[in-house]
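Note: the block below is upload_7.csv and it holds CSV, C-alpha atoms.
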```csv
chain,number,residue,atom,x,y,z
A,1,MET,CA,0.0,0.0,0.0
A,2,SER,CA,1.2,3.5,-0.8
A,3,VAL,CA,2.2,5.7,2.1
A,4,PHE,CA,0.0,8.4,0.5
A,5,ASP,CA,-3.7,8.2,1.1
A,6,ARG,CA,-5.8,10.4,-1.2
A,7,ARG,CA,-8.7,10.2,1.2
A,8,ARG,CA,-6.9,12.5,3.6
A,9,PHE,CA,-7.1,15.2,1.0
A,10,GLU,CA,-10.7,14.8,-0.1
A,11,PRO,CA,-13.0,17.8,0.7
A,12,ARG,CA,-14.4,17.7,4.3
A,13,PRO,CA,-17.8,19.1,5.3
A,14,CYS,CA,-16.2,21.4,7.9
A,15,ALA,CA,-15.1,25.0,7.1
A,16,ALA,CA,-11.4,25.9,6.9
A,17,ARG,CA,-10.0,28.0,9.7
A,18,PRO,CA,-9.1,31.6,8.9
A,19,VAL,CA,-5.4,32.1,8.2
A,20,ILE,CA,-3.5,34.9,10.0
A,21,GLY,CA,0.0,35.9,9.2
A,22,VAL,CA,2.3,36.6,12.1
A,23,LEU,CA,5.3,38.8,11.4
A,24,CYS,CA,8.7,37.6,12.5
A,25,CYS,CA,11.8,39.7,13.6
A,26,ASN,CA,15.4,39.6,12.5
A,27,GLU,CA,17.6,38.3,15.3
A,28,VAL,CA,20.9,36.5,15.7
A,29,SER,CA,21.4,33.2,17.5
A,30,GLU,CA,24.9,32.2,16.3
A,31,ARG,CA,23.7,33.2,12.8
A,32,PRO,CA,20.9,35.5,11.5
A,33,ILE,CA,17.5,34.0,12.0
A,34,GLN,CA,13.8,34.8,11.6
A,35,ALA,CA,12.2,34.7,15.1
A,36,VAL,CA,8.8,35.1,16.7
A,37,ALA,CA,8.0,34.1,20.3
A,38,THR,CA,5.8,31.1,20.6
A,39,ARG,CA,3.7,32.9,23.2
A,40,PHE,CA,2.2,35.0,20.3
A,41,ILE,CA,1.1,31.8,18.4
A,42,GLU,CA,-0.5,29.7,21.1
A,43,PRO,CA,-3.4,32.1,22.0
A,44,LEU,CA,-4.1,32.7,18.4
A,45,VAL,CA,-4.7,28.9,18.0
A,46,THR,CA,-6.4,28.4,21.4
A,47,TYR,CA,-8.6,31.5,21.7
A,48,ALA,CA,-8.9,32.8,18.1
A,49,GLY,CA,-9.1,29.4,16.5
A,50,VAL,CA,-7.0,30.4,13.5
A,51,THR,CA,-4.3,28.9,11.4
A,52,VAL,CA,-0.9,30.7,11.8
A,53,VAL,CA,1.5,31.4,9.0
A,54,LEU,CA,4.9,33.0,9.9
A,55,ILE,CA,5.9,35.9,7.7
A,56,PRO,CA,9.7,36.6,7.4
A,57,ALA,CA,10.8,40.1,8.0
A,58,VAL,CA,12.9,40.1,4.8
A,59,ALA,CA,11.8,42.7,2.3
A,60,SER,CA,13.0,40.8,-0.8
A,61,ALA,CA,11.0,37.7,0.3
A,62,CYS,CA,7.7,39.6,1.0
A,63,ASP,CA,5.4,40.0,-2.0
A,64,ALA,CA,2.8,42.1,-0.2
A,65,ILE,CA,0.2,41.9,-3.0
A,66,ALA,CA,0.4,38.1,-3.1
A,67,LEU,CA,0.4,37.7,0.7
A,68,ALA,CA,-2.6,40.0,1.1
A,69,SER,CA,-4.6,38.0,-1.3
A,70,ARG,CA,-4.0,34.8,0.7
A,71,LEU,CA,-4.2,35.9,4.3
A,72,ASP,CA,-7.4,36.6,6.2
A,73,GLY,CA,-5.6,38.7,8.8
A,74,LEU,CA,-2.2,39.9,10.0
A,75,LEU,CA,-0.7,40.3,13.5
A,76,LEU,CA,2.2,42.6,14.0
A,77,THR,CA,3.9,41.3,17.1
A,78,GLY,CA,6.0,42.9,19.8
A,79,SER,CA,9.7,42.9,19.4
A,80,ARG,CA,13.0,43.7,21.1
A,81,SER,CA,13.6,46.3,18.4
A,82,ASN,CA,12.3,49.9,17.9
A,83,VAL,CA,10.8,51.4,14.9
A,84,ALA,CA,13.4,53.6,13.1
A,85,GLY,CA,12.9,57.3,13.4
A,86,MET,CA,13.2,57.8,9.7
A,87,ARG,CA,9.9,56.1,9.3
A,88,TYR,CA,8.1,59.0,11.0
A,89,GLY,CA,10.5,61.9,10.2
A,90,VAL,CA,12.5,62.0,13.5
A,91,ALA,CA,15.9,60.5,12.6
A,92,GLU,CA,17.4,61.5,16.0
A,93,ALA,CA,14.9,59.1,17.7
A,94,ASP,CA,16.9,56.1,16.7
A,95,THR,CA,17.7,54.7,20.1
A,96,GLY,CA,17.9,51.1,21.1
A,97,PRO,CA,18.1,48.2,18.7
A,98,LEU,CA,16.6,48.7,15.2
A,99,ASP,CA,15.2,46.2,12.7
A,100,GLU,CA,14.7,48.2,9.5
A,101,GLN,CA,13.8,45.1,7.5
A,102,ARG,CA,11.0,44.5,9.9
A,103,ASP,CA,9.9,48.1,9.5
A,104,ALA,CA,9.8,47.7,5.7
A,105,VAL,CA,7.8,44.5,5.7
A,106,ALA,CA,5.4,45.6,8.5
A,107,LEU,CA,4.5,48.9,6.8
A,108,GLU,CA,4.2,47.6,3.3
A,109,LEU,CA,2.3,44.4,4.1
A,110,ALA,CA,-0.1,46.1,6.7
A,111,ALA,CA,-0.9,48.8,4.1
A,112,ARG,CA,-1.7,46.3,1.5
A,113,MET,CA,-3.8,44.2,3.9
A,114,ILE,CA,-5.8,47.3,5.0
A,115,GLU,CA,-6.3,48.5,1.4
A,116,THR,CA,-7.8,45.2,0.4
A,117,GLY,CA,-10.2,45.1,3.4
A,118,ARG,CA,-8.3,42.6,5.5
A,119,SER,CA,-8.0,43.0,9.3
A,120,VAL,CA,-4.7,43.9,10.9
A,121,PHE,CA,-3.8,43.6,14.6
A,122,GLY,CA,-0.9,45.0,16.6
A,123,ILE,CA,0.8,44.2,19.9
A,124,CYS,CA,3.4,46.6,21.4
A,125,ARG,CA,5.7,47.3,18.5
A,126,GLY,CA,2.8,46.4,16.2
A,127,LEU,CA,0.8,49.3,17.7
A,128,GLN,CA,3.7,51.6,17.0
A,129,GLU,CA,4.1,50.4,13.4
A,130,LEU,CA,0.4,50.9,12.7
A,131,ASN,CA,0.5,54.4,14.2
A,132,VAL,CA,3.4,55.3,11.9
A,133,LEU,CA,1.5,53.8,9.0
A,134,PHE,CA,-1.4,56.1,9.6
A,135,GLY,CA,0.9,59.1,9.7
A,136,GLY,CA,1.5,59.3,13.5
A,137,THR,CA,4.8,59.7,15.4
A,138,LEU,CA,6.5,58.0,18.3
A,139,THR,CA,8.4,59.1,21.4
A,140,ASP,CA,10.8,57.5,23.9
A,141,ALA,CA,10.2,60.3,26.4
A,142,MET,CA,7.9,58.4,28.7
A,143,PRO,CA,7.7,58.2,32.5
A,144,ASP,CA,9.5,55.3,34.1
A,145,HIS,CA,6.4,53.4,35.0
A,146,HIS,CA,6.0,52.4,31.3
A,147,HIS,CA,9.3,50.5,31.4
A,148,ARG,CA,10.3,47.3,33.1
A,149,GLY,CA,13.3,48.7,35.0
A,150,ALA,CA,16.1,46.6,36.3
A,151,SER,CA,19.8,47.0,37.0
A,152,GLY,CA,20.8,43.9,35.2
A,153,PRO,CA,19.5,41.1,32.9
A,154,ILE,CA,15.9,40.1,33.5
A,155,ALA,CA,14.8,36.5,33.6
A,156,TYR,CA,12.3,35.7,30.8
A,157,GLU,CA,9.6,34.7,33.3
A,158,ASP,CA,9.9,38.1,35.0
A,159,LEU,CA,9.8,40.3,31.9
A,160,PHE,CA,6.1,41.1,32.2
A,161,ASP,CA,5.6,41.4,35.9
A,162,HIS,CA,5.5,45.2,35.7
A,163,HIS,CA,2.0,46.6,35.5
A,164,HIS,CA,-0.1,49.8,35.4
A,165,ASP,CA,-3.8,50.6,34.8
A,166,VAL,CA,-5.4,51.7,31.6
A,167,ASP,CA,-8.8,53.3,31.2
A,168,LEU,CA,-10.9,52.0,28.3
A,169,LEU,CA,-13.0,54.5,26.4
A,170,ALA,CA,-16.7,54.1,27.0
A,171,GLY,CA,-18.4,52.5,24.1
A,172,GLY,CA,-15.1,51.5,22.4
A,173,LEU,CA,-14.4,48.1,20.9
A,174,LEU,CA,-12.2,47.0,23.8
A,175,ALA,CA,-14.6,48.2,26.5
A,176,ARG,CA,-17.5,46.3,24.8
A,177,THR,CA,-15.4,43.2,24.3
A,178,THR,CA,-14.0,43.0,27.9
A,179,ASP,CA,-17.1,44.5,29.6
A,180,ALA,CA,-14.7,46.7,31.6
A,181,SER,CA,-13.8,50.3,32.0
A,182,ARG,CA,-10.3,49.8,33.5
A,183,LEU,CA,-7.7,47.1,33.1
A,184,THR,CA,-4.4,46.4,34.8
A,185,VAL,CA,-1.9,45.6,32.0
A,186,ASN,CA,1.8,44.7,31.8
A,187,SER,CA,4.1,47.5,30.5
A,188,VAL,CA,7.5,46.9,29.0
A,189,HIS,CA,7.7,49.3,26.0
A,190,ARG,CA,10.5,51.7,25.2
A,191,GLN,CA,8.6,53.7,22.6
A,192,GLY,CA,5.0,55.0,22.8
A,193,ILE,CA,2.6,57.1,20.7
A,194,ASP,CA,3.4,60.8,20.4
A,195,ARG,CA,1.0,62.0,17.7
A,196,LEU,CA,-1.9,59.7,16.9
A,197,GLY,CA,-2.2,58.7,13.3
A,198,GLU,CA,-5.0,60.1,11.2
A,199,GLY,CA,-8.3,58.2,11.4
A,200,LEU,CA,-7.3,56.1,14.4
A,201,HIS,CA,-9.8,56.0,17.3
A,202,ILE,CA,-8.5,55.8,20.9
A,203,GLU,CA,-9.5,52.7,22.7
A,204,ALA,CA,-7.4,53.1,25.9
A,205,ARG,CA,-5.2,55.5,27.8
A,206,ALA,CA,-2.8,55.0,30.7
A,207,ALA,CA,-4.8,55.9,33.8
A,208,ASP,CA,-2.0,58.1,35.3
A,209,ASP,CA,-0.5,60.1,32.4
A,210,GLY,CA,-3.0,59.6,29.5
A,211,LEU,CA,-0.5,57.9,27.1
A,212,ILE,CA,-2.5,56.3,24.3
A,213,GLU,CA,-2.4,52.5,24.9
A,214,ALA,CA,-4.8,51.2,22.3
A,215,PHE,CA,-6.6,52.3,19.2
A,216,SER,CA,-8.9,51.0,16.5
A,217,ALA,CA,-10.0,51.9,12.9
A,218,ARG,CA,-12.0,50.5,10.0
A,219,PRO,CA,-10.7,52.5,7.0
A,220,CYS,CA,-11.3,50.1,4.1
A,221,GLY,CA,-13.8,47.5,5.4
A,222,GLY,CA,-11.4,45.5,7.5
A,223,ASP,CA,-10.7,46.1,11.3
A,224,VAL,CA,-7.5,47.6,12.6
A,225,LEU,CA,-7.0,47.0,16.4
A,226,ALA,CA,-3.8,47.5,18.4
A,227,VAL,CA,-2.7,47.5,22.0
A,228,GLN,CA,0.5,48.7,23.7
A,229,TRP,CA,0.6,45.9,26.3
A,230,HIS,CA,1.1,42.2,25.8
A,231,PRO,CA,-2.1,40.2,26.1
A,232,GLU,CA,-0.4,37.1,24.8
A,233,TRP,CA,1.7,36.8,28.0
A,234,ASP,CA,-1.2,36.1,30.4
A,235,ALA,CA,-4.1,35.0,28.2
A,236,ALA,CA,-4.4,31.7,30.1
A,237,ARG,CA,-5.0,33.7,33.4
A,238,ILE,CA,-6.6,37.0,32.4
A,239,PRO,CA,-10.1,37.1,30.9
A,240,ALA,CA,-9.5,40.4,29.1
A,241,SER,CA,-6.4,39.0,27.4
A,242,ARG,CA,-8.4,36.0,26.2
A,243,ALA,CA,-11.1,38.3,25.0
A,244,PHE,CA,-8.6,40.2,22.9
A,245,PHE,CA,-7.7,37.0,21.0
A,246,GLY,CA,-11.3,35.9,20.9
A,247,LEU,CA,-12.1,39.2,19.2
A,248,ILE,CA,-9.4,38.4,16.6
A,249,GLY,CA,-11.1,35.1,15.9
A,250,GLU,CA,-14.5,36.7,15.7
A,251,THR,CA,-13.3,39.4,13.4
A,252,LEU,CA,-11.8,36.8,11.1
A,253,GLY,CA,-15.0,34.7,11.1
A,254,ASN,CA,-14.8,32.4,14.2
A,255,PRO,CA,-17.5,32.4,16.9
A,256,PRO,CA,-16.7,34.4,20.1
A,257,VAL,CA,-17.1,31.3,22.3
A,258,LEU,CA,-13.5,30.5,21.5
A,259,ALA,CA,-12.5,33.3,23.9
A,260,GLN,CA,-13.5,31.3,26.9
A,261,ALA,CA,-11.0,29.9,29.4
A,262,PRO,CA,-9.6,26.4,28.7
A,263,PRO,CA,-11.0,23.6,30.8
A,264,ALA,CA,-9.3,23.1,34.2
```

Conversion result in structure tokens:
Amino acid sequence: MSVFDRRRFEPRPCAARPVIGVLCCNEVSERPIQAVATRFIEPLVTYAGVTVVLIPAVASACDAIALASRLDGLLLTGSRSNVAGMRYGVAEADTGPLDEQRDAVALELAARMIETGRSVFGICRGLQELNVLFGGTLTDAMPDHHHRGASGPIAYEDLFDHHHDVDLLAGGLLARTTDASRLTVNSVHRQGIDRLGEGLHIEARAADDGLIEAFSARPCGGDVLAVQWHPEWDAARIPASRAFFGLIGETLGNPPVLAQAPPA
């Protein structure tokens, strides 16, 4: 008998799961690699119910037109790098590690997805990239409580144990989805929104200093939603974080029940 079984590839009565692209970063682990933390992938599968495809942050490998026609959605992840200041007209803002290939792919692919009515989501750096895409600017002049301060290296399991409160705007997408007016979120970013991009609607602000922490838009028929914090880190414990990924699934065509907590 052949090791190949045609019956495995016959049409099934169930609908295919939506496909979401997750953008990688350029990192070095003995040699240059494409990398994305597994923690971004797991809640997309568990709570959004989608199929994940990794997108390399290599401009020459990214055909934005072809990818946008095949993807149902795109997630721009957090990263250890900052968006280059040249992308928003402030060259002197180039502090910290940069990943200009990631900048190029994120901005081009997100633009094409949005123009074709696909949904795009952002987490941390992803929020910053989308703000720049809509013509906004960034700043690194933020109060210390937005950073995860430490005098030396931080263990991975301790990276996201620094928190502050954010106020959700009444009637906004996040407020309706989480049924909350205030959330306690982790905070580890080095850049933040300075001027909000055109057409973006504020979803959340930091409770103490008013920094914009989330926004949404629907410019061409597809949803744009981004948050400054990291809901992927604590989705198994925090209902609001599960709701964020459940909303991704619902936006891409899956029922919201997938946002419920996993069985004990």

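Near A:Ser81, within 8 Å and counting only C-alpha atoms, sit Gly96, Pro97, Leu98, Asp99 and Arg125 of chain A, not including residues fewer than 6 positions from it in the same chain.
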
File of the preceding selection, C-alpha atoms, as an mmCIF file, in the coordinates of the input:
```
data_model
loop_
_atom_site.group_PDB
_atom_site.id
_atom_site.type_symbol
_atom_site.label_atom_id
_atom_site.label_comp_id
_atom_site.auth_asym_id
_atom_site.auth_seq_id
_atom_site.Cartn_x
_atom_site.Cartn_y
_atom_site.Cartn_z
ATOM 1 C CA GLY A 96 17.900 51.100 21.100
ATOM 2 C CA PRO A 97 18.100 48.200 18.700
ATOM 3 C CA LEU A 98 16.600 48.700 15.200
ATOM 4 C CA ASP A 99 15.200 46.200 12.700
ATOM 5 C CA ARG A 125 5.700 47.300 18.500
#
```

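Distances to A:Val120 were evaluated for A:Ile248, A:Ser29, A:Phe134, A:Val166 using all atoms listed in the file, and the minimum falls at A:Ile248.
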
Exercise for the section: Do a neighbour search on stretch 58-64 of chain A at 12 Å with only C-alpha atoms, toss out local chain neighbours closer than 3 positions, and write the hits as a ChimeraX atom specification. Expected result: /A:21,23-27,32-35,54-55,67-71,74,99-116

Practice task
Rank nothing, just name the residue among A:Ser119, A:Pro43, A:Val132, A:Ala15 nearest to A:Gly221, using all atoms listed in the file.
Solution key: A:Ser119

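Atom to atom, atom CA of A:Gly135 and atom CA of A:Ala207 stand 25.0 Å apart.
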
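Our summary of the geometry notes that atom CA of A:Asp194 is positioned 12.6 Å from atom CA of A:Glu129.
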
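Here atom CA of A:Gly49 is placed at a distance of 6.1 Å from atom CA of A:Gly249.
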
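Summary of the local environment: counting all atoms listed in the file, residues at most 7 Å from A:His147, other than itself and those fewer than 4 positions away along its chain, are A:Ser187, A:Val188, A:His189, A:Arg190.
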
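Candidate residues A:Ile212, A:Val52, A:Ala240, A:Ile154 were compared for distance to A:Pro18, and the nearest is A:Val52, using all atoms listed in the file.
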
Practice task
Pick out the residues sitting within 12 Å of A:Gly89, and hand them over as a list in words; count all atoms listed in the file, and ignore anything fewer than 4 positions along from it in its own chain.
Solution key: Val83, Ala84, Gly85, Ala93, Asp94, Val132, Gly135, Gly136, Thr137, Leu138 and Thr139 of chain A

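Comparing A:Ile20, A:Val3, A:Leu44, A:Leu252 by their smallest distance to A:Ala236, the closest is A:Leu44 (using only C-alpha atoms).
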
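Considering the residues A:Gly171, A:Pro239, A:Gly246, A:Gly122 and counting only C-alpha atoms, A:Phe215 has its shortest atom-to-atom contact with A:Gly122.
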
Handout entry: Nearby residues (all atoms listed in the file) at most 6 Å from A:Gly78, same-chain spacing under 5 positions excluded, as a ChimeraX atom specification
Key = /A:123-126

Fill in the blank from the handout: Counting all atoms listed in the file, closest pick from A:Arg195, A:Arg31, A:His146, A:Arg39 relative to A:Asp165 is A:His146
